[in-house]
file final-v8.tsv (TSV, C-alpha atoms and all ligand atoms)
chain	number	residue	atom	x	y	z
C	1	MET	CA	-15.55	-27.40	-7.50
C	2	SER	CA	-12.94	-28.25	-10.04
C	3	VAL	CA	-9.39	-28.87	-8.99
C	4	ILE	CA	-8.03	-28.21	-12.46
C	5	GLY	CA	-5.47	-25.46	-12.25
C	6	SER	CA	-4.49	-26.27	-8.70
C	7	LEU	CA	-0.79	-26.40	-8.09
C	8	ILE	CA	0.51	-29.77	-7.01
C	9	PHE	CA	3.86	-30.12	-5.33
C	10	CYS	CA	5.99	-33.20	-5.07
C	11	THR	CA	5.51	-34.74	-1.65
C	12	ASP	CA	9.15	-35.75	-1.58
C	13	CYS	CA	11.20	-32.83	-2.86
C	14	GLY	CA	8.65	-30.03	-3.10
C	15	ASN	CA	9.11	-29.61	-6.84
C	16	LEU	CA	6.18	-28.00	-8.62
C	17	LEU	CA	4.47	-30.67	-10.69
C	18	ARG	CA	2.26	-30.32	-13.68
C	19	GLU	CA	-1.09	-28.75	-13.12
C	20	SER	CA	-3.68	-31.00	-11.64
C	21	THR	CA	-5.68	-32.94	-14.17
C	22	GLY	CA	-8.63	-33.01	-11.84
C	23	ASN	CA	-8.45	-36.79	-11.86
C	24	ALA	CA	-7.73	-38.06	-8.36
C	25	ASP	CA	-6.59	-41.43	-9.77
C	26	ALA	CA	-3.90	-39.92	-11.95
C	27	ILE	CA	-0.27	-40.17	-10.95
C	28	LEU	CA	1.98	-37.22	-11.45
C	29	HIS	CA	5.65	-38.07	-11.81
C	30	CYS	CA	8.09	-35.61	-10.35
C	31	ASP	CA	10.57	-34.45	-12.97
C	32	VAL	CA	13.20	-33.88	-10.31
C	33	CYS	CA	13.20	-36.94	-8.09
C	34	GLY	CA	10.83	-39.30	-9.87
C	35	THR	CA	8.44	-39.62	-6.98
C	36	ARG	CA	4.96	-40.64	-8.00
C	37	ASN	CA	2.52	-38.17	-6.56
C	38	LYS	CA	-1.18	-38.64	-6.40
C	39	ASP	CA	-3.08	-35.96	-8.22
C	40	THR	CA	-4.86	-34.54	-5.23
C	41	ILE	CA	-5.10	-31.09	-3.87
C	42	PRO	CA	-2.75	-30.62	-0.97
C	43	GLN	CA	-4.49	-30.62	2.37
C	44	THR	CA	-2.90	-27.36	3.25
C	45	THR	CA	-2.79	-24.90	0.41
C	46	VAL	CA	0.32	-22.93	1.16
C	47	SER	CA	0.03	-20.75	-1.92
C	48	GLU	CA	-3.25	-19.31	-0.76
C	49	SER	CA	-2.99	-16.20	1.28
C	50	LYS	CA	-5.68	-14.30	3.05
C	51	PRO	CA	-5.51	-10.50	2.99
C	52	SER	CA	-5.17	-10.52	6.76
C	53	ALA	CA	-1.99	-12.56	6.48
C	54	PHE	CA	-0.08	-9.53	5.33
C	55	PRO	CA	0.62	-6.45	7.38
C	56	SER	CA	-0.38	-4.43	4.36
C	57	ALA	CA	1.79	-1.48	3.55
C	58	LEU	CA	-1.11	-0.14	1.57
C	59	ARG	CA	-3.38	-0.34	4.58
C	60	ALA	CA	-0.76	1.33	6.72
C	61	LYS	CA	-0.54	4.07	4.15
C	62	ARG	CA	-4.28	4.45	4.15
C	63	SER	CA	-4.41	4.85	7.88
C	64	ALA	CA	-1.62	7.40	7.63
C	65	VAL	CA	-3.79	9.39	5.26
C	66	GLN	CA	-6.60	9.30	7.74
C	67	THR	CA	-4.42	10.75	10.45
C	68	LEU	CA	-3.31	13.77	8.47
C	69	SER	CA	-3.26	16.90	10.49
C	70	ALA	CA	-5.59	19.79	9.83
C	71	ALA	CA	-2.75	21.62	8.14
C	72	ASP	CA	-2.29	18.81	5.63
C	73	ARG	CA	-5.93	18.84	4.65
C	74	MET	CA	-6.04	22.52	3.88
C	75	THR	CA	-6.45	23.54	0.30
C	76	GLU	CA	-3.78	25.85	-0.87
C	77	ALA	CA	-3.70	28.85	-3.14
C	78	ILE	CA	-0.70	30.51	-4.73
C	79	ILE	CA	0.29	33.99	-3.67
C	80	GLU	CA	3.02	36.31	-4.85
C	81	ARG	CA	5.39	36.20	-1.97
C	82	ASP	CA	9.14	35.92	-1.89
C	83	CYS	CA	10.44	32.84	-0.24
C	84	PRO	CA	13.20	33.99	2.12
C	85	ASP	CA	14.81	30.63	1.79
C	86	CYS	CA	15.16	30.01	-1.94
C	87	GLY	CA	14.04	33.33	-3.44
C	88	ARG	CA	11.07	32.00	-5.39
C	89	LYS	CA	8.41	34.60	-6.06
C	90	GLU	CA	5.47	32.36	-5.38
C	91	MET	CA	4.38	30.57	-2.29
C	92	PHE	CA	1.40	28.45	-1.43
C	93	TRP	CA	-0.78	29.88	1.22
C	94	THR	CA	-3.83	28.91	3.11
C	95	THR	CA	-5.60	30.18	6.11
C	96	VAL	CA	-7.17	28.33	8.94
C	97	GLN	CA	-9.12	29.32	11.99
C	98	LEU	CA	-7.08	27.72	14.71
C	99	ARG	CA	-8.28	29.76	17.61
C	100	SER	CA	-11.62	31.22	18.57
C	101	ALA	CA	-13.42	33.16	15.88
C	102	ASP	CA	-12.79	36.61	17.33
C	103	GLU	CA	-9.05	36.15	17.35
C	104	GLY	CA	-8.56	36.06	13.62
C	105	SER	CA	-7.01	33.31	11.58
C	106	THR	CA	-3.57	31.91	11.02
C	107	VAL	CA	-2.08	32.10	7.56
C	108	PHE	CA	0.24	29.36	6.46
C	109	TYR	CA	2.77	29.97	3.74
C	110	ARG	CA	4.61	27.12	2.11
C	111	CYS	CA	7.27	27.08	-0.56
C	112	VAL	CA	8.04	24.18	-2.86
C	113	CYS	CA	11.54	24.20	-1.40
C	114	GLY	CA	10.09	23.12	1.91
C	115	PHE	CA	10.18	26.48	3.66
C	116	LYS	CA	7.19	27.12	5.86
C	117	GLU	CA	5.98	30.23	7.50
C	118	THR	CA	2.94	31.15	9.51
C	119	SER	CA	1.56	34.51	10.39
C	120	ASN	CA	-1.27	35.41	12.68
C	121	ASN	CA	-3.62	38.06	11.51
C	201	ZN	ZN	10.20	-34.64	-6.36
C	202	ZN	ZN	11.61	28.44	-1.09

call {"tool": "encode", "arguments": {"input": "final-v8.tsv", "output": "structure tokens"}}
result
Amino acid sequence: MSVIGSLIFCTDCGNLLRESTGNADAILHCDVCGTRNKDTIPQTTVSESKPSAFPSALRAKRSAVQTLSAADRMTEAIIERDCPDCGRKEMFWTTVQLRSADEGSTVFYRCVCGFKETSNN
């Protein structure tokens, strides 16, 4: 495994030195404090991060998607219906069988303004 490209930091002041030459015998001079640093890969690579090291916002978002309610997963159609809230002539609607089959379904209406309405058939 080549060490070329590894980031070497000054052992004294932490300044980022030139990229490793891959030659362990080379001496890298720190531009800031003049410390002579051996060109070796640091024992602990602090710049490396495992995915598990981060409480990923993306992962949290993904799990949020997985916990969407049944209402959020419904596919919607557009119906001509006046929104009592903003007066738009179109609302999204979808129907879902929430209760037992012989009780009919529940219709959900939703307006882009945020107004929501349900009606039981
Ligand atoms: Zn230094
Ligand atoms: Zn509306």

call {"tool": "atom_distance", "arguments": {"input": "final-v8.tsv", "atom1": "atom CA of Leu28 of chain C", "atom2": "atom CA of Cys10 of chain C"}}
result
8.5 Å

call {"tool": "closest_residue", "arguments": {"input": "final-v8.tsv", "among": "C:Leu16, C:Val107, C:Val96, C:Cys86", "to": "ligand ZN 202 (chain C)", "atoms": "all atoms listed in the file"}}
result
C:Cys86

call {"tool": "residues_near_ligand", "arguments": {"input": "final-v8.tsv", "ligand": "ligand ZN 201 (chain C)", "cutoff": "9 Å", "atoms": "only C-alpha atoms and all ligand atoms", "output": "ChimeraX atom specification"}}
result
/C:9-17,29-37

call {"tool": "residues_near_ligand", "arguments": {"input": "final-v8.tsv", "ligand": "ligand ZN 202 (chain C)", "cutoff": "6 Å", "atoms": "only C-alpha atoms and all ligand atoms", "output": "JSON, numbers by chain"}}
result
{"C": [83, 85, 86, 87, 88, 111, 112, 113, 115]}

call {"tool": "closest_residue", "arguments": {"input": "final-v8.tsv", "among": "C:Glu80, C:Asp39, C:Gln97, C:Ser20", "to": "Arg110 of chain C", "atoms": "all atoms listed in the file"}}
result
C:Glu80

call {"tool": "closest_residue", "arguments": {"input": "final-v8.tsv", "among": "C:Thr106, C:Arg81, C:Met91, C:Ala24", "to": "Thr118 of chain C", "atoms": "all atoms listed in the file"}}
result
C:Thr106

call {"tool": "atom_distance", "arguments": {"input": "final-v8.tsv", "atom1": "atom CA of Ser119 of chain C", "atom2": "atom CA of Gly104 of chain C"}}
result
10.7 Å

call {"tool": "closest_residue", "arguments": {"input": "final-v8.tsv", "among": "C:Glu76, C:Leu7, C:Trp93, C:Ala26", "to": "Lys116 of chain C", "atoms": "all atoms listed in the file"}}
result
C:Trp93

call {"tool": "atom_distance", "arguments": {"input": "final-v8.tsv", "atom1": "atom CA of Asp102 of chain C", "atom2": "atom CA of Ile79 of chain C"}}
result
24.9 Å

call {"tool": "axis_aligned_box", "arguments": {"input": "final-v8.tsv", "around": "segment 103-113 of chain C", "padding_each_side": "4 Å", "output": "AutoDock Vina command-line options"}}
result
--center_x 1.2 --center_y 30.2 --center_z 7.2 --size_x 28.6 --size_y 20.0 --size_z 28.2
